[in-house]
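The next block is my_file_11.pdb, given as PDB, C-alpha atoms.
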ATOM      1  CA  MET A  48      44.868  48.597 112.451
ATOM      2  CA  ALA A  49      48.575  49.354 112.660
ATOM      3  CA  PRO A  50      50.115  51.409 109.841
ATOM      4  CA  LEU A  51      51.458  49.424 106.929
ATOM      5  CA  THR A  52      55.195  48.733 106.734
ATOM      6  CA  ILE A  53      57.482  48.877 103.737
ATOM      7  CA  ALA A  54      61.048  47.608 103.776
ATOM      8  CA  TYR A  55      64.041  47.975 101.508
ATOM      9  CA  TRP A  56      67.720  48.819 101.496
ATOM     10  CA  ASP A  57      68.566  52.287 102.825
ATOM     11  CA  ILE A  58      68.475  53.744  99.313
ATOM     12  CA  ARG A  59      65.824  55.065  96.953
ATOM     13  CA  GLY A  60      66.090  52.187  94.496
ATOM     14  CA  LEU A  61      62.896  50.208  93.925
ATOM     15  CA  SER A  62      61.121  51.609  96.976
ATOM     16  CA  GLU A  63      61.143  55.368  96.371
ATOM     17  CA  SER A  64      58.055  55.248  94.154
ATOM     18  CA  LEU A  65      56.250  53.596  97.083
ATOM     19  CA  ARG A  66      57.385  56.324  99.484
ATOM     20  CA  LEU A  67      56.374  59.084  97.067
ATOM     21  CA  LEU A  68      52.896  57.571  96.714
ATOM     22  CA  LEU A  69      52.472  57.217 100.471
ATOM     23  CA  GLU A  70      53.750  60.728 101.161
ATOM     24  CA  TYR A  71      51.528  62.217  98.452
ATOM     25  CA  ALA A  72      48.549  60.363  99.940
ATOM     26  CA  GLY A  73      49.370  61.617 103.435
ATOM     27  CA  ALA A  74      49.431  58.011 104.641
ATOM     28  CA  GLU A  75      50.897  56.854 107.926
ATOM     29  CA  TYR A  76      53.455  54.109 107.412
ATOM     30  CA  ASN A  77      56.484  52.486 108.981
ATOM     31  CA  GLU A  78      59.770  51.551 107.339
ATOM     32  CA  ASN A  79      62.461  48.972 107.825
ATOM     33  CA  ARG A  80      65.673  49.951 106.066
ATOM     34  CA  TYR A  81      68.523  47.494 105.685
ATOM     35  CA  ASP A  82      72.195  48.321 105.275
ATOM     36  CA  GLY A  83      73.257  47.644 101.702
ATOM     37  CA  ALA A  84      76.941  47.516 102.682
ATOM     38  CA  ASP A  85      76.398  44.833 105.349
ATOM     39  CA  LYS A  86      73.494  42.639 104.311
ATOM     40  CA  SER A  87      73.772  40.237 107.265
ATOM     41  CA  VAL A  88      70.756  41.690 109.096
ATOM     42  CA  TRP A  89      68.525  41.250 106.046
ATOM     43  CA  PHE A  90      69.727  37.702 105.427
ATOM     44  CA  ALA A  91      69.107  36.823 109.090
ATOM     45  CA  GLU A  92      65.579  38.264 109.096
ATOM     46  CA  LYS A  93      64.590  37.129 105.594
ATOM     47  CA  PRO A  94      63.440  33.578 106.509
ATOM     48  CA  THR A  95      61.560  34.762 109.627
ATOM     49  CA  LEU A  96      59.140  37.208 107.994
ATOM     50  CA  GLY A  97      56.600  34.803 106.555
ATOM     51  CA  LEU A  98      56.986  36.145 103.020
ATOM     52  CA  ASP A  99      55.910  33.713 100.290
ATOM     53  CA  PHE A 100      58.539  35.037  97.878
ATOM     54  CA  ALA A 101      60.991  36.684 100.267
ATOM     55  CA  ASN A 102      62.711  39.667  98.693
ATOM     56  CA  LEU A 103      63.159  43.415  98.968
ATOM     57  CA  PRO A 104      61.134  45.521  98.867
ATOM     58  CA  TYR A 105      58.385  43.945 100.916
ATOM     59  CA  MET A 106      55.188  45.383 102.348
ATOM     60  CA  ILE A 107      53.093  44.248 105.300
ATOM     61  CA  ASP A 108      49.569  45.646 105.646
ATOM     62  CA  GLY A 109      47.669  43.818 108.362
ATOM     63  CA  ASP A 110      47.705  40.143 107.391
ATOM     64  CA  LEU A 111      48.738  40.892 103.796
ATOM     65  CA  LYS A 112      52.403  40.393 102.968
ATOM     66  CA  LEU A 113      53.637  41.305  99.501
ATOM     67  CA  THR A 114      56.935  41.400  97.640
ATOM     68  CA  GLU A 115      57.780  42.652  94.130
ATOM     69  CA  SER A 116      57.876  46.406  93.764
ATOM     70  CA  ASN A 117      55.258  46.673  91.010
ATOM     71  CA  ALA A 118      52.829  44.388  92.853
ATOM     72  CA  ILE A 119      53.183  46.638  95.905
ATOM     73  CA  LEU A 120      52.827  49.791  93.803
ATOM     74  CA  ARG A 121      49.627  48.475  92.207
ATOM     75  CA  TYR A 122      48.214  47.489  95.603
ATOM     76  CA  LEU A 123      48.939  50.902  97.081
ATOM     77  CA  GLY A 124      47.437  52.520  93.993
ATOM     78  CA  ARG A 125      44.176  50.685  94.595
ATOM     79  CA  LYS A 126      44.269  51.262  98.343
ATOM     80  CA  PHE A 127      44.709  55.025  98.035
ATOM     81  CA  GLY A 128      42.636  55.639  94.914
ATOM     82  CA  PHE A 129      45.385  56.068  92.307
ATOM     83  CA  ASN A 130      44.167  53.180  90.144
ATOM     84  CA  GLY A 131      42.227  53.164  86.892
ATOM     85  CA  ALA A 132      38.546  54.005  86.605
ATOM     86  CA  ASP A 133      37.752  50.916  84.510
ATOM     87  CA  ASP A 134      39.343  47.861  82.887
ATOM     88  CA  LYS A 135      40.550  49.867  79.890
ATOM     89  CA  GLU A 136      42.391  52.403  82.028
ATOM     90  CA  GLU A 137      43.796  49.635  84.247
ATOM     91  CA  ALA A 138      45.217  47.930  81.154
ATOM     92  CA  ILE A 139      46.875  51.192  80.106
ATOM     93  CA  LEU A 140      48.316  51.631  83.612
ATOM     94  CA  ASP A 141      49.706  48.094  83.445
ATOM     95  CA  MET A 142      51.378  48.923  80.123
ATOM     96  CA  LEU A 143      52.876  52.122  81.540
ATOM     97  CA  THR A 144      54.118  50.350  84.661
ATOM     98  CA  ASP A 145      56.005  47.756  82.634
ATOM     99  CA  SER A 146      57.372  50.363  80.214
ATOM    100  CA  ILE A 147      58.765  52.425  83.097
ATOM    101  CA  MET A 148      60.662  49.328  84.244
ATOM    102  CA  ASP A 149      62.449  49.388  80.890
ATOM    103  CA  ILE A 150      63.764  52.847  81.826
ATOM    104  CA  ARG A 151      64.832  51.664  85.261
ATOM    105  CA  ASN A 152      66.533  48.523  83.995
ATOM    106  CA  GLY A 153      68.412  50.418  81.285
ATOM    107  CA  PHE A 154      69.836  52.803  83.877
ATOM    108  CA  VAL A 155      70.530  50.215  86.572
ATOM    109  CA  ARG A 156      72.611  48.145  84.160
ATOM    110  CA  LEU A 157      74.916  51.117  83.712
ATOM    111  CA  CYS A 158      74.991  52.092  87.394
ATOM    112  CA  TYR A 159      76.038  48.645  88.587
ATOM    113  CA  ASN A 160      78.510  47.976  85.762
ATOM    114  CA  GLY A 161      81.725  48.739  87.584
ATOM    115  CA  SER A 162      83.770  48.670  84.387
ATOM    116  CA  HIS A 163      81.531  50.836  82.217
ATOM    117  CA  THR A 164      83.246  53.311  79.922
ATOM    118  CA  GLU A 165      82.400  56.832  78.762
ATOM    119  CA  GLU A 166      81.152  55.245  75.550
ATOM    120  CA  ASP A 167      78.833  52.987  77.555
ATOM    121  CA  ALA A 168      77.478  56.007  79.430
ATOM    122  CA  ALA A 169      76.940  57.949  76.203
ATOM    123  CA  ALA A 170      75.100  55.012  74.624
ATOM    124  CA  THR A 171      72.914  54.608  77.700
ATOM    125  CA  LYS A 172      72.115  58.319  77.690
ATOM    126  CA  GLU A 173      70.885  58.147  74.094
ATOM    127  CA  ALA A 174      68.855  55.015  74.754
ATOM    128  CA  GLN A 175      67.266  56.577  77.842
ATOM    129  CA  LYS A 176      66.444  59.784  75.967
ATOM    130  CA  ALA A 177      64.602  57.692  73.394
ATOM    131  CA  ARG A 178      62.666  55.858  76.103
ATOM    132  CA  PHE A 179      61.715  59.083  77.873
ATOM    133  CA  ALA A 180      60.686  60.657  74.563
ATOM    134  CA  LYS A 181      57.918  58.062  74.258
ATOM    135  CA  PHE A 182      56.500  59.264  77.571
ATOM    136  CA  GLU A 183      56.821  62.886  76.479
ATOM    137  CA  SER A 184      54.612  62.007  73.503
ATOM    138  CA  PHE A 185      52.202  59.991  75.662
ATOM    139  CA  LEU A 186      51.497  62.637  78.360
ATOM    140  CA  LYS A 187      47.776  63.334  78.385
ATOM    141  CA  GLY A 188      47.748  66.310  80.758
ATOM    142  CA  LYS A 189      49.208  67.205  84.123
ATOM    143  CA  TYR A 190      49.938  63.499  84.662
ATOM    144  CA  LEU A 191      50.408  60.507  82.394
ATOM    145  CA  THR A 192      46.747  59.727  81.713
ATOM    146  CA  GLY A 193      45.202  63.133  82.438
ATOM    147  CA  ASP A 194      44.826  65.538  85.320
ATOM    148  CA  SER A 195      44.598  62.857  88.040
ATOM    149  CA  ILE A 196      47.736  61.166  89.295
ATOM    150  CA  LYS A 197      47.877  57.368  88.960
ATOM    151  CA  TYR A 198      50.226  54.824  90.469
ATOM    152  CA  PRO A 199      52.655  54.574  87.484
ATOM    153  CA  ASP A 200      53.261  58.326  87.734
ATOM    154  CA  PHE A 201      55.123  57.883  91.003
ATOM    155  CA  HIS A 202      57.665  55.530  89.433
ATOM    156  CA  LEU A 203      58.159  57.621  86.305
ATOM    157  CA  LEU A 204      58.596  60.780  88.374
ATOM    158  CA  GLU A 205      61.243  59.067  90.476
ATOM    159  CA  MET A 206      63.066  57.846  87.370
ATOM    160  CA  ILE A 207      63.057  61.345  85.883
ATOM    161  CA  ASP A 208      64.443  62.662  89.161
ATOM    162  CA  GLN A 209      67.231  60.060  89.233
ATOM    163  CA  HIS A 210      68.202  60.819  85.657
ATOM    164  CA  MET A 211      68.192  64.562  86.345
ATOM    165  CA  LYS A 212      70.740  63.942  89.082
ATOM    166  CA  TRP A 213      72.862  61.964  86.625
ATOM    167  CA  ASP A 214      72.557  64.139  83.499
ATOM    168  CA  ALA A 215      69.802  66.755  83.375
ATOM    169  CA  SER A 216      70.549  67.496  79.712
ATOM    170  CA  ILE A 217      68.545  64.353  78.864
ATOM    171  CA  PHE A 218      65.449  66.525  79.292
ATOM    172  CA  ASP A 219      66.612  69.580  77.325
ATOM    173  CA  GLU A 220      64.333  68.576  74.461
ATOM    174  CA  LEU A 221      61.615  67.059  76.665
ATOM    175  CA  PRO A 222      59.924  70.135  78.195
ATOM    176  CA  GLY A 223      56.717  68.268  78.958
ATOM    177  CA  LEU A 224      58.470  65.754  81.201
ATOM    178  CA  LYS A 225      60.516  68.463  82.870
ATOM    179  CA  ALA A 226      57.356  70.448  83.723
ATOM    180  CA  TYR A 227      55.635  67.227  84.849
ATOM    181  CA  HIS A 228      58.556  66.522  87.207
ATOM    182  CA  ASP A 229      58.908  70.074  88.501
ATOM    183  CA  ASN A 230      55.198  70.419  89.219
ATOM    184  CA  PHE A 231      55.086  67.218  91.243
ATOM    185  CA  PHE A 232      58.198  67.872  93.302
ATOM    186  CA  ALA A 233      57.004  71.420  94.095
ATOM    187  CA  GLN A 234      53.888  70.113  95.835
ATOM    188  CA  GLU A 235      53.683  70.756  99.554
ATOM    189  CA  SER A 236      53.503  67.122 100.682
ATOM    190  CA  ILE A 237      56.548  66.170  98.613
ATOM    191  CA  GLN A 238      58.529  69.241  99.654
ATOM    192  CA  LYS A 239      57.746  68.409 103.287
ATOM    193  CA  TYR A 240      58.958  64.834 102.774
ATOM    194  CA  ILE A 241      62.220  65.967 101.189
ATOM    195  CA  ALA A 242      62.814  68.573 103.909
ATOM    196  CA  SER A 243      62.147  66.006 106.645
ATOM    197  CA  GLY A 244      65.388  64.153 105.940
ATOM    198  CA  LYS A 245      63.499  60.860 105.542
ATOM    199  CA  ARG A 246      64.362  60.545 101.862
ATOM    200  CA  PRO A 247      67.410  58.300 101.365
ATOM    201  CA  GLN A 248      70.515  60.122 100.183
ATOM    202  CA  TYR A 249      71.494  57.623  97.506
ATOM    203  CA  CYS A 250      69.612  55.969  94.666
ATOM    204  CA  ASN A 251      71.800  52.858  94.545
ATOM    205  CA  ASN A 252      73.698  50.591  96.930
ATOM    206  CA  PRO A 253      77.459  51.002  97.665
ATOM    207  CA  ALA A 254      78.296  48.359  95.037
ATOM    208  CA  ALA A 255      77.122  50.697  92.278
ATOM    209  CA  LYS A 256      79.585  52.787  90.270
ATOM    210  CA  ILE A 257      76.894  55.475  89.966
ATOM    211  CA  ARG A 258      75.166  55.984  93.308
ATOM    212  CA  ASN A 259      73.611  59.405  92.524
TER     213      ASN A 259
END

Would you encode the structure as structure tokens?
Amino acid sequence: MAPLTIAYWDIRGLSESLRLLLEYAGAEYNENRYDGADKSVWFAEKPTLGLDFANLPYMIDGDLKLTESNAILRYLGRKFGFNGADDKEEAILDMLTDSIMDIRNGFVRLCYNGSHTEEDAAATKEAQKARFAKFESFLKGKYLTGDSIKYPDFHLLEMIDQHMKWDASIFDELPGLKAYHDNFFAQESIQKYIASGKRPQYCNNPAAKIRN
């Protein structure tokens, strides 16, 4: 079977958690990256791909075609063994996955608000610190639910990394999350990925006021 394919804009955005999972797993995969400044190629291809709910990111794995970043993340988690051990743990992973989206959405609203003020940024920083603090309290070990990495970890780790690029002082009073982040990004497979030049330079599209 051919390697699976993921596709997104040529940014980290909603797809970087998928890349981090695949790189950590040592999986072979292909990518289609679309230009966020000139979206004509994506709009031309979009109706030809056979996607039930055409959007970015999308994933194609054999005859399976998926959209929605969290649906793809959950699928890859099951495929590569980063899912829960039972229904109880799966329910907790679902809760974590949705809670991490609250962090992403809070930050994205600021990044794409072209008229945001210093006061808006300061308010967002405080709100994000409060959201991250809940995860600091939740950490059960090396990773969110213990010493084994699970699929929500990849999204939270990416969000910590994006916020560190924006304002690392958010984590001054969150040493657990900082150690969690630093440990993951020091791992050989992730260091190799970063050094390869495959990781997109920017987190957000050119329309964003904060591209990181």

Excluding Glu92 of chain A and residues on its chain fewer than 6 positions from it, collect all residues at most 12 Å away from it, counting only C-alpha atoms, and give them as a VMD selection string. chain A and resid 54 79 81 86 98 101 to 103

Do you know which residues the PyMOL selection byres ((chain A and resi 65-72) around 7) returns on this file, as a PyMOL selection string? chain A and resi 62-64+73-74+120+127+201+236-237+240

Length of the atom CA of Asp200 of chain A to atom CA of Gly109 of chain A vector [Å]: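 Pair atom CA of Asp200 of chain A / atom CA of Gly109 of chain A returns 25.8 Å.
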
Once the PyMOL selection byres ((chain A and resi 126) around 12) has been applied to the shown file, what residues remain in the selection, as a ChimeraX atom specification? /A:51,68-69,72,74,108,119-125,127-131,197-198

With C-alpha atoms retained, could you export that selection as a CSV table (one decimal), in the coordinates of the input?
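After the write, result.csv holds the following:
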chain,number,residue,atom,x,y,z
A,51,LEU,CA,51.5,49.4,106.9
A,68,LEU,CA,52.9,57.6,96.7
A,69,LEU,CA,52.5,57.2,100.5
A,72,ALA,CA,48.5,60.4,99.9
A,74,ALA,CA,49.4,58.0,104.6
A,108,ASP,CA,49.6,45.6,105.6
A,119,ILE,CA,53.2,46.6,95.9
A,120,LEU,CA,52.8,49.8,93.8
A,121,ARG,CA,49.6,48.5,92.2
A,122,TYR,CA,48.2,47.5,95.6
A,123,LEU,CA,48.9,50.9,97.1
A,124,GLY,CA,47.4,52.5,94.0
A,125,ARG,CA,44.2,50.7,94.6
A,127,PHE,CA,44.7,55.0,98.0
A,128,GLY,CA,42.6,55.6,94.9
A,129,PHE,CA,45.4,56.1,92.3
A,130,ASN,CA,44.2,53.2,90.1
A,131,GLY,CA,42.2,53.2,86.9
A,197,LYS,CA,47.9,57.4,89.0
A,198,TYR,CA,50.2,54.8,90.5

Which is closest to Glu220 of chain A among A:Ser184, A:Thr95, A:Asn252, A:Thr144, if we use only C-alpha atoms?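 Among the listed residues, the smallest separation from Glu220 of chain A belongs to A:Ser184.
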
Looking at A:Leu143, A:Leu191, A:Ile257, A:Ala132, which one is nearest to His228 of chain A, with distances taken over all atoms listed in the file? A:Leu191

Please compute the atom CA of Thr192 of chain A-atom CA of Ile139 of chain A distance, one decimal, in Å. 8.7 Å

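Distance-wise, atom CA of Met148 of chain A and atom CA of Asp110 of chain A end up 28.1 Å apart.
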
What lies within 7 Å of Asp57 of chain A using all atoms listed in the file, ignoring chain neighbours under 6 positions off, as a compact mmCIF listing (two decimals) with C-alpha atoms, in the coordinates of the input?
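The result, written out as selection.txt:
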# COMPACT_ATOMS: atom_id res chain seq x y z
CA ARG A 80 65.67 49.95 106.07
CA TYR A 81 68.52 47.49 105.68
CA ASP A 82 72.19 48.32 105.28
CA GLY A 83 73.26 47.64 101.70
CA PRO A 247 67.41 58.30 101.36

Residues within 8 Å of (57.8, 51.3, 110.2), counting only C-alpha atoms, listed as a list in words: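 Neighbouring residues, ordered by chain and number, come to Pro50, Leu51, Thr52, Ile53, Tyr76, Asn77, Glu78 and Asn79 of chain A.
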
For this file, the PyMOL selection byres ((chain A and resi 175) around 10) selects which residues, as a ChimeraX atom specification? /A:149-151,153-154,169-174,176-180,210,217

For a quick check of understanding, using only C-alpha atoms, which of A:Ala138, A:Ala254, A:Val88, A:Leu61 has the smallest distance to Tyr105 of chain A?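 Comparing A:Ala138, A:Ala254, A:Val88, A:Leu61 against Tyr105 of chain A, the winner is A:Leu61.
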
Would you compute the box with edges along x, y and z of the file around segment 93-98 of chain A, including every atom the file lists for it and 6 Å extra on each side, and give its centre and edge lengths in Å to one decimal, as AutoDock Vina command-line options?
--center_x 60.6 --center_y 35.4 --center_z 106.3 --size_x 20.0 --size_y 15.6 --size_z 18.6

Selected residue, from A:Phe185, A:Phe232, A:Tyr159, A:Tyr227, that lies nearest to Ser146 of chain A when counting only C-alpha atoms: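 Of all the options, A:Phe185 lies closest to Ser146 of chain A.
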
In terms of the shortest atom-to-atom distance over only C-alpha atoms, which of A:Leu186, A:Pro199, A:Ala84, A:Ala118 is closest to Leu140 of chain A?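 Distance minimum relative to Leu140 of chain A lands on A:Pro199.
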
Of the candidates A:Glu183, A:Thr114, A:Ser243, A:Pro253, which shows the shortest atom-to-atom distance to Asp219 of chain A, using only C-alpha atoms?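 Among the listed residues, the smallest separation from Asp219 of chain A belongs to A:Glu183.
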